[in-house]
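Some notes on the structure that comes next.
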Amino acid sequence: MQYLLLAAVVLLVALTADWGQIQRAFLDPEVAAAQFPSVLSVALVNTVTFTLLGFAFGLVLGLVLALMRLSSVGPYRWLATGFIEFFRGLPALLVFLAIGTGVPLAFPGTFLNRYVTIMLALGLVGAAYIGETIRAGIQAVPRGQVEAARSLGMSQGRAMVTIVIPQAFRIILPPLTNELIMLTKDSSLAFLLGSTTAQQELAQFGRQALTQYRSLTPVLVAGACYLIITVPLGILVRRLESRTARSR
């Protein structure tokens, strides 16, 4: 019965929809062709660049935060916890505005390069999540391995760097890849900082083309380019999760 109802709804939509108007509004081939090659050579490249910059900064800062959270020194734990809770609770949009607009206002004469601003905004938000992910991965490594390393004469720091952290990263690769996907989408907030044509990422590129052509086709083209990045990463996450499950 449910299949019949679904078929009836699909048939009703197919018979009543104005497919010519839908094509002009969403799938205009001439408008789609006009987006190339700029949507790939400029917008897609900028999106990937912004994402990698933010992820690299967030990964380094996240590792530091994870080690601080696990530290026996109280102030380190408090600082790391405060940072994580603060940036996990803020929308990424506000972080972009605070760094892109607030920093120059608070410190007159300060100029942050556009790439540095985007790296800081994405990295600060990403580090709050990555730090907790790395902490969980470190705690998932059996404590007996650290004790065995210490019994062989290794210092606590060396055991952490050479034994615990490499194993933790193997454990947390799937959630780290998910965080990379999230940062890819958050990079669309770079439009808040303003941009020239050569600095546009996918969302800004699609938005400007939308106003130019009065068609949603450029938005769909930009969305397809996001899928070029996120779908392979999603497949990678599933494969990593399957491999981790088999190894366990």
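FYI, nothing fancy with the structure tokens labels: chains A, B, ... in order, residues from 1 per chain, ligands from 1 as they appear.
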Write out as a ChimeraX atom specification each polymer residue whose atoms come within 12 Å of Leu59 (chain A), counting only C-alpha atoms; drop sequence neighbours fewer than 2 positions from it. /A:51-57,61-66,119-120,122-134,169,173,176-177,179-180,183
Could you tell me, as an MDAnalysis selection string, which residues of region 151-217 of chain A DSSP assigns to alpha helix (DSSP H) when given the backbone? chainID A and resid 151 156:159 165:186 202:213 217
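Using only C-alpha atoms, the contacts of Gly157 (chain A) at a cut-off of 12 Å, with sequence neighbours closer than 6 positions omitted, comprise A:Leu67, A:Ser71, A:Val146, A:Ala149, A:Arg150, A:Ile163, A:Val164, A:Ile165.
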Can I get the residues of region 79-118 of chain A within 12 Å of region 199-211 of chain A, each with the closest pair of atoms and their distance in Å to one decimal, using only C-alpha atoms, sorted chain first then ascending number, as JSON lines?
{"residue": "A:Arg114", "atom": "CA", "partner": "A:Gln199", "partner_atom": "CA", "distance": 9.1}
{"residue": "A:Tyr115", "atom": "CA", "partner": "A:Gln199", "partner_atom": "CA", "distance": 9.6}
{"residue": "A:Ile118", "atom": "CA", "partner": "A:Glu201", "partner_atom": "CA", "distance": 11.5}
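Using only C-alpha atoms, the shortest contact distance between Phe36 (chain A) and any of A:Ala80, A:Val141, A:Ala222, A:Val116 is found at A:Ala222.
Proximity to Leu216 (chain A) was assessed for A:Phe107, A:Phe50, A:Phe26, A:Tyr76 counting only C-alpha atoms; the smallest distance is recorded for A:Phe26.
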Closest to Gly102 (chain A) among A:Met160, A:Leu4, A:Val237, A:Leu193, using only C-alpha atoms? A:Leu193
